[in-house]
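**Q** Just one file: work_20.cif, with mmCIF, C-alpha atoms.
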data_input
loop_
_atom_site.label_atom_id
_atom_site.label_comp_id
_atom_site.auth_asym_id
_atom_site.auth_seq_id
_atom_site.Cartn_x
_atom_site.Cartn_y
_atom_site.Cartn_z
CA MET E 207 -25.26 20.92 7.74
CA THR E 208 -23.90 19.29 4.59
CA ALA E 209 -20.24 20.08 3.92
CA SER E 210 -19.29 21.94 0.75
CA PRO E 211 -17.67 19.86 -2.04
CA ALA E 212 -14.25 21.35 -1.32
CA SER E 213 -14.60 20.71 2.41
CA ALA E 214 -15.71 17.13 1.77
CA LEU E 215 -12.69 16.48 -0.45
CA LEU E 216 -10.33 17.92 2.16
CA ARG E 217 -11.94 15.77 4.82
CA ASP E 218 -11.42 12.70 2.63
CA VAL E 219 -7.76 13.57 2.18
CA ALA E 220 -7.31 14.24 5.90
CA ALA E 221 -9.02 10.94 6.77
CA CYS E 222 -6.71 8.95 4.51
CA ILE E 223 -3.57 10.75 5.64
CA GLY E 224 -4.62 10.30 9.25
CA PHE E 225 -5.23 6.59 8.75
CA TYR E 226 -2.32 5.65 6.50
CA THR E 227 0.33 7.77 8.22
CA ARG E 228 1.37 8.72 11.75
CA LEU E 229 1.21 12.43 11.00
CA PRO E 230 -0.48 14.30 13.88
CA LEU E 231 -3.36 15.90 11.99
CA PRO E 232 -6.20 17.82 13.65
CA ALA E 233 -9.37 15.82 14.32
CA PHE E 234 -11.42 16.53 11.18
CA GLY E 235 -13.81 13.69 11.88
CA MET E 236 -14.92 10.83 9.66
CA PRO E 237 -16.10 11.82 6.15
CA GLU E 238 -19.87 12.10 5.94
CA ARG E 239 -19.98 9.58 3.08
CA GLY E 240 -17.99 7.02 5.05
CA PHE E 241 -14.37 5.91 5.01
CA ALA E 242 -14.78 3.65 1.97
CA ALA E 243 -15.90 6.57 -0.20
CA ALA E 244 -12.83 8.52 0.92
CA GLN E 245 -10.46 5.86 -0.43
CA TRP E 246 -9.94 7.81 -3.64
CA ALA E 247 -7.45 9.80 -1.52
CA ALA E 248 -5.42 6.75 -0.43
CA PRO E 249 -2.77 7.40 -3.13
CA VAL E 250 -2.46 10.98 -1.87
CA ALA E 251 -1.32 9.62 1.48
CA GLY E 252 1.00 7.31 -0.46
CA CYS E 253 2.58 10.27 -2.20
CA LEU E 254 3.46 11.82 1.16
CA ILE E 255 5.00 8.59 2.45
CA GLY E 256 7.00 8.03 -0.73
CA ALA E 257 8.20 11.63 -0.83
CA ALA E 258 9.39 11.39 2.77
CA GLY E 259 11.37 8.25 2.03
CA GLY E 260 12.82 9.71 -1.15
CA LEU E 261 13.93 12.91 0.54
CA VAL E 262 15.58 10.94 3.34
CA LEU E 263 17.45 8.90 0.74
CA LEU E 264 18.60 11.98 -1.19
CA PHE E 265 19.68 13.76 1.99
CA SER E 266 21.61 10.69 3.08
CA LEU E 267 23.40 10.57 -0.26
CA TRP E 268 24.14 14.31 0.00
CA LEU E 269 25.77 13.66 3.37
CA GLY E 270 28.05 11.16 1.66
CA LEU E 271 26.52 7.99 3.02
CA PRO E 272 26.71 4.89 0.80
CA ALA E 273 23.66 4.05 -1.31
CA THR E 274 23.15 0.90 0.75
CA VAL E 275 22.81 2.91 3.97
CA ALA E 276 20.70 5.60 2.31
CA ALA E 277 18.28 2.96 1.00
CA ALA E 278 17.94 1.41 4.46
CA LEU E 279 17.23 4.83 6.01
CA ALA E 280 14.63 5.54 3.32
CA LEU E 281 12.85 2.30 4.10
CA ALA E 282 12.98 3.08 7.80
CA ALA E 283 11.40 6.48 7.10
CA THR E 284 8.53 5.05 5.06
CA MET E 285 7.83 2.31 7.57
CA GLY E 286 8.04 4.73 10.48
CA LEU E 287 5.72 7.24 8.82
CA SER E 288 3.17 4.56 7.92
CA GLY E 289 3.50 2.73 11.22
CA ALA E 290 4.46 -0.40 9.23
CA LEU E 291 0.72 -0.85 8.73
CA HIS E 292 0.98 -2.82 5.51
CA GLU E 293 4.06 -4.76 6.55
CA ASP E 294 1.95 -6.07 9.41
CA GLY E 295 -0.74 -7.11 6.94
CA LEU E 296 1.78 -8.92 4.74
CA ALA E 297 3.15 -10.87 7.72
CA ASP E 298 -0.33 -11.83 8.92
CA VAL E 299 -1.36 -13.04 5.46
CA ALA E 300 1.81 -15.08 5.05
CA ASP E 301 1.32 -16.71 8.45
CA GLY E 302 -2.39 -17.35 7.90
CA PHE E 303 -2.23 -18.61 4.34
CA GLY E 304 0.92 -20.60 4.98
CA GLY E 305 0.14 -22.04 8.40
CA GLY E 306 -3.63 -22.51 8.42
CA THR E 307 -5.37 -25.65 7.20
CA THR E 308 -8.96 -24.40 7.07
CA ARG E 309 -10.58 -21.07 6.30
CA GLU E 310 -11.38 -20.56 9.97
CA SER E 311 -7.87 -21.41 11.14
CA LYS E 312 -6.33 -19.09 8.54
CA LEU E 313 -8.51 -16.19 9.69
CA ALA E 314 -7.71 -16.96 13.33
CA ILE E 315 -3.96 -16.98 12.64
CA MET E 316 -4.24 -13.68 10.76
CA ARG E 317 -5.83 -12.13 13.84
CA ASP E 318 -3.08 -13.37 16.13
CA SER E 319 -0.68 -10.54 17.01
CA ARG E 320 2.25 -12.94 17.17
CA ILE E 321 4.39 -13.44 14.06
CA GLY E 322 5.45 -16.83 12.73
CA THR E 323 8.04 -18.21 10.35
CA TYR E 324 6.03 -17.48 7.22
CA GLY E 325 5.47 -13.89 8.31
CA VAL E 326 9.15 -13.32 9.09
CA ALA E 327 10.18 -14.82 5.75
CA ALA E 328 7.69 -12.63 3.86
CA LEU E 329 8.87 -9.47 5.61
CA VAL E 330 12.54 -10.27 5.06
CA LEU E 331 11.93 -10.90 1.37
CA SER E 332 9.82 -7.75 0.95
CA ILE E 333 12.35 -5.51 2.71
CA LEU E 334 15.31 -7.10 0.93
CA LEU E 335 13.76 -6.62 -2.52
CA ARG E 336 12.82 -3.01 -1.83
CA TRP E 337 16.19 -2.23 -0.27
CA SER E 338 17.98 -3.76 -3.28
CA ALA E 339 15.87 -1.72 -5.69
CA LEU E 340 16.47 1.54 -3.80
CA THR E 341 20.19 0.83 -3.63
CA ALA E 342 20.25 0.36 -7.40
CA LEU E 343 18.13 3.47 -8.02
CA ALA E 344 20.17 5.70 -5.65
CA SER E 345 19.57 9.36 -6.68
CA ALA E 346 16.74 8.32 -9.03
CA ALA E 347 14.74 6.84 -6.15
CA LEU E 348 12.58 9.89 -5.33
CA PRO E 349 10.10 9.64 -8.24
CA ALA E 350 10.13 5.85 -8.01
CA LEU E 351 9.26 5.90 -4.31
CA ILE E 352 6.48 8.42 -4.74
CA ALA E 353 5.00 6.42 -7.61
CA ALA E 354 5.36 3.09 -5.79
CA HIS E 355 3.64 4.28 -2.64
CA ALA E 356 0.88 6.10 -4.54
CA VAL E 357 -0.05 3.41 -7.05
CA SER E 358 0.18 0.57 -4.53
CA ARG E 359 -2.41 2.30 -2.35
CA ALA E 360 -4.54 3.08 -5.40
CA LEU E 361 -5.09 -0.66 -5.88
CA MET E 362 -6.59 -1.21 -2.45
CA PRO E 363 -9.97 0.47 -3.14
CA ALA E 364 -10.21 -1.60 -6.33
CA LEU E 365 -9.82 -4.84 -4.38
CA MET E 366 -12.30 -3.64 -1.76
CA ALA E 367 -14.84 -3.02 -4.53
CA LEU E 368 -14.14 -6.23 -6.44
CA GLN E 369 -14.12 -8.65 -3.51
CA PRO E 370 -16.37 -8.85 -0.43
CA PRO E 371 -14.87 -9.01 3.08
CA ALA E 372 -13.94 -12.47 4.30
CA ARG E 373 -15.43 -11.80 7.75
CA ASP E 374 -18.33 -9.75 9.08
CA ASP E 375 -16.14 -7.72 11.41
CA GLY E 376 -12.67 -6.25 11.16
CA LEU E 377 -11.07 -3.27 9.47
CA SER E 378 -12.14 -3.93 5.90
CA ALA E 379 -15.68 -4.92 6.78
CA GLY E 380 -16.05 -1.82 8.92
CA ALA E 381 -14.79 0.46 6.16
CA GLY E 382 -17.41 -0.74 3.68
CA LYS E 383 -17.29 -0.99 -0.09
CA PRO E 384 -15.95 1.96 -2.12
CA ASP E 385 -18.18 3.16 -4.92
CA GLY E 386 -17.10 3.26 -8.54
CA ARG E 387 -16.15 6.92 -8.35
CA ALA E 388 -13.74 6.36 -5.45
CA VAL E 389 -12.11 3.43 -7.26
CA PHE E 390 -11.83 5.37 -10.52
CA PHE E 391 -10.21 8.44 -8.98
CA ALA E 392 -7.86 6.37 -6.84
CA LEU E 393 -6.63 4.55 -9.93
CA LEU E 394 -6.51 7.81 -11.88
CA ILE E 395 -4.34 9.49 -9.25
CA GLY E 396 -2.10 6.47 -8.75
CA GLY E 397 -1.73 5.86 -12.48
CA GLY E 398 -1.13 9.55 -13.12
CA VAL E 399 1.67 9.70 -10.56
CA LEU E 400 3.20 6.57 -12.10
CA LEU E 401 3.01 8.14 -15.56
CA VAL E 402 4.60 11.39 -14.38
CA ALA E 403 7.44 9.38 -12.84
CA GLY E 404 8.21 7.99 -16.28
CA THR E 405 6.33 6.80 -19.35
CA GLY E 406 8.60 3.79 -19.56
CA LEU E 407 8.00 3.02 -15.89
CA PHE E 408 4.24 3.18 -16.48
CA LEU E 409 4.44 0.80 -19.43
CA ILE E 410 6.51 -1.70 -17.44
CA ALA E 411 4.67 -1.46 -14.13
CA ALA E 412 1.03 -1.14 -15.21
CA PRO E 413 0.59 -4.70 -16.54
CA LEU E 414 2.52 -6.10 -13.57
CA LEU E 415 0.25 -4.25 -11.16
CA ALA E 416 -2.89 -5.44 -12.94
CA LEU E 417 -1.60 -9.00 -12.69
CA CYS E 418 -0.73 -8.45 -9.02
CA LEU E 419 -4.28 -7.28 -8.26
CA PHE E 420 -5.76 -10.30 -10.04
CA LEU E 421 -3.46 -12.80 -8.31
CA VAL E 422 -3.98 -11.40 -4.82
CA LYS E 423 -7.75 -11.37 -5.36
CA ARG E 424 -7.70 -14.95 -6.62
CA LEU E 425 -5.44 -16.15 -3.81
CA ALA E 426 -7.56 -14.51 -1.11
CA GLU E 427 -10.72 -15.96 -2.62
CA ARG E 428 -9.29 -19.48 -2.61
CA GLN E 429 -7.75 -19.21 0.86
CA ILE E 430 -10.36 -17.36 2.94
CA GLY E 431 -13.24 -16.50 0.59
CA GLY E 432 -12.65 -12.74 0.45
CA GLN E 433 -10.42 -9.88 1.49
CA THR E 434 -9.48 -8.42 4.85
CA GLY E 435 -7.43 -5.46 5.98
CA ASP E 436 -4.42 -7.77 6.11
CA VAL E 437 -5.00 -8.86 2.51
CA LEU E 438 -5.16 -5.21 1.47
CA GLY E 439 -1.85 -4.63 3.24
CA ALA E 440 -0.28 -7.60 1.46
CA LEU E 441 -1.53 -6.22 -1.87
CA GLN E 442 0.07 -2.86 -1.10
CA GLN E 443 3.39 -4.47 -0.24
CA ALA E 444 3.43 -6.61 -3.36
CA ALA E 445 2.50 -3.67 -5.58
CA GLU E 446 5.06 -1.35 -3.99
CA THR E 447 7.79 -3.94 -4.44
CA LEU E 448 6.86 -4.63 -8.07
CA THR E 449 6.84 -0.91 -8.87
CA LEU E 450 10.28 -0.37 -7.36
CA LEU E 451 11.66 -3.38 -9.25
CA ALA E 452 10.12 -2.02 -12.46
CA ALA E 453 11.77 1.32 -11.70
CA THR E 454 15.18 -0.34 -11.64
CA LEU E 455 14.55 -1.48 -15.22
CA HIS E 456 13.47 2.00 -16.27
CA PHE E 457 15.92 4.26 -14.44
CA THR E 458 19.10 2.17 -14.34
#
Output the file's structure in the form of structure tokens.
**A**
Amino acid sequence: MTASPASALLRDVAACIGFYTRLPLPAFGMPERGFAAAQWAAPVAGCLIGAAGGLVLLFSLWLGLPATVAAALALAATMGLSGALHEDGLADVADGFGGGTTRESKLAIMRDSRIGTYGVAALVLSILLRWSALTALASAALPALIAAHAVSRALMPALMALQPPARDDGLSAGAGKPDGRAVFFALLIGGGVLLVAGTGLFLIAAPLLALCLFLVKRLAERQIGGQTGDVLGALQQAAETLTLLAATLHFT
């Protein structure tokens, strides 16, 4: 029996929340149209992660903790809720692109569960930049975090549609290619959340995010000939960081 439109949309949302977070949702099953078509809801999952981090930060400030500590706890909350999924992708890409000499060696390194110097350096830089931005934002961090986590995940379906997988197996290849509708609505939701967070923030962040998408696509094409789940994670991390840095210009 074909699911009703409302039921199909809810299943898409549940699939994305179940994949991008550690929330214990009931087993709704895979969307009938496939996981790629459900990627329009990726920014919805991002909103939940960003809201959790923002609320932890605000509660920490309300308790009287310094902004530096509150920012660290907010980052811990977002990474814990997401299972550090995209941080893992960033580290793998840094190790593979930095340490490999051929396309095959880069892909092999990216599959290795061990982390190397490039991966550690990339994670330290990513966490330090985000922590610094959240410390500067302090009580203004809630809308910035929600926007950063939503719009960064809205870019991932776009890259999946624009660039073929670099390998025949793996997470991205298994998910498939999102259709134009999924990409459009993902960008619409992510951009809408960014705009609600602040018109000035949207005007600063939007061109930076477009450039980020282009550069990650170009880099992945030159390094490994396409995208992987790790590349998508690296894109999310770069976009989240850029949005939070843009928020410091807008809110502070």
**Q** So which one's closest to E:Ala392, E:Arg428, E:Lys312, E:Lys423, E:Arg359? Using all atoms listed in the file, please.
**A**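 Closest to E:Ala392 of all the choices is E:Arg359.
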**Q** Given the file shown, determine the residues that the PyMOL selection byres ((chain E and resi 275) around 12) selects; report them as a VMD selection string.
**A** chain E and resid 262 to 267 269 to 274 276 to 282 337 to 338 340 to 342 344
**Q** With distances taken over all atoms listed in the file, which residue among E:Gln245, E:Thr454, E:Thr308, E:Gln369 lies nearest E:Ala388?
**A**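 Using all atoms listed in the file, E:Ala388 sits closest to E:Gln245.
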**Q** Name the residues, using the chain letters and numbers of the file, that sit within 12 Å of (-18.6, 4.2, -4.3) when counting all atoms listed in the file, and give them as a list in words.
**A**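 Residues with an atom close enough to that point: Arg239, Gly240, Phe241, Ala242, Ala243, Ala244, Gln245, Trp246, Pro363, Ala364, Met366, Ala367, Leu368, Ala381, Gly382, Lys383, Pro384, Asp385, Gly386, Arg387, Ala388, Val389, Phe390, Phe391 and Ala392 of chain E.
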**Q** Between E:Leu261, E:Ala360, E:Ala327, E:Ala440, which residue has the minimum interatomic distance to E:Leu421, considering all atoms listed in the file?
**A** E:Ala440
**Q** Might I get the box with edges along x, y and z of the file that holds all atoms of stretch 261-275 of chain E listed there, padded by 8 Å on every side, given as centre and edge lengths in Å to one decimal, as AutoDock Vina command-line options?
**A**
--center_x 21.0 --center_y 7.6 --center_z 1.3 --size_x 30.1 --size_y 29.4 --size_z 21.3
**Q** Nearest residue to E:Asp436 out of E:His292, E:Phe225, E:Leu215, E:Ala248, using all atoms listed in the file?
**A**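 Closest to E:Asp436 of all the choices is E:His292.
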**Q** Check which residues satisfy the PyMOL selection byres ((chain E and resi 408-418) around 10) in the file shown, then give them as a count of residues only.
**A** 35
**Q** Atom CA of E:Pro249 and atom CA of E:Asp318 are how many Å apart?
**A**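 Calculated distance between atom CA of E:Pro249 and atom CA of E:Asp318 is 28.3 Å.
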**Q** Just how far from atom CA of E:Ile255 is atom CA of E:Ala220, in Å to one decimal?
**A** 14.0 Å
**Q** Taking into account all atoms listed in the file, which residue in the set E:Ala247, E:Leu343, E:Leu438, E:Ala283 is nearest to E:Pro371?
**A**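 Counting all atoms listed in the file, the residue closest to E:Pro371 is E:Leu438.
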**Q** Pick out the residues sitting within 10 Å of E:Ile321, and hand them over as JSON, numbers by chain; count only C-alpha atoms, and ignore anything fewer than 2 positions along from it in its own chain.
**A** {"E": [294, 297, 298, 300, 301, 302, 315, 316, 318, 319, 323, 324, 325, 326]}
**Q** Which one is closest to E:Gly305: E:Ala214, E:Gln429, E:Leu335, E:Gly259? Count all atoms listed in the file.
**A**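 Of all the options, E:Gln429 lies closest to E:Gly305.
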**Q** Work out how far apart atom CA of E:Glu427 and atom CA of E:Leu377 are and give it in Å to one decimal.
**A**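 Taking atom CA of E:Glu427 as the start and atom CA of E:Leu377 as the end point, the length is 17.5 Å.
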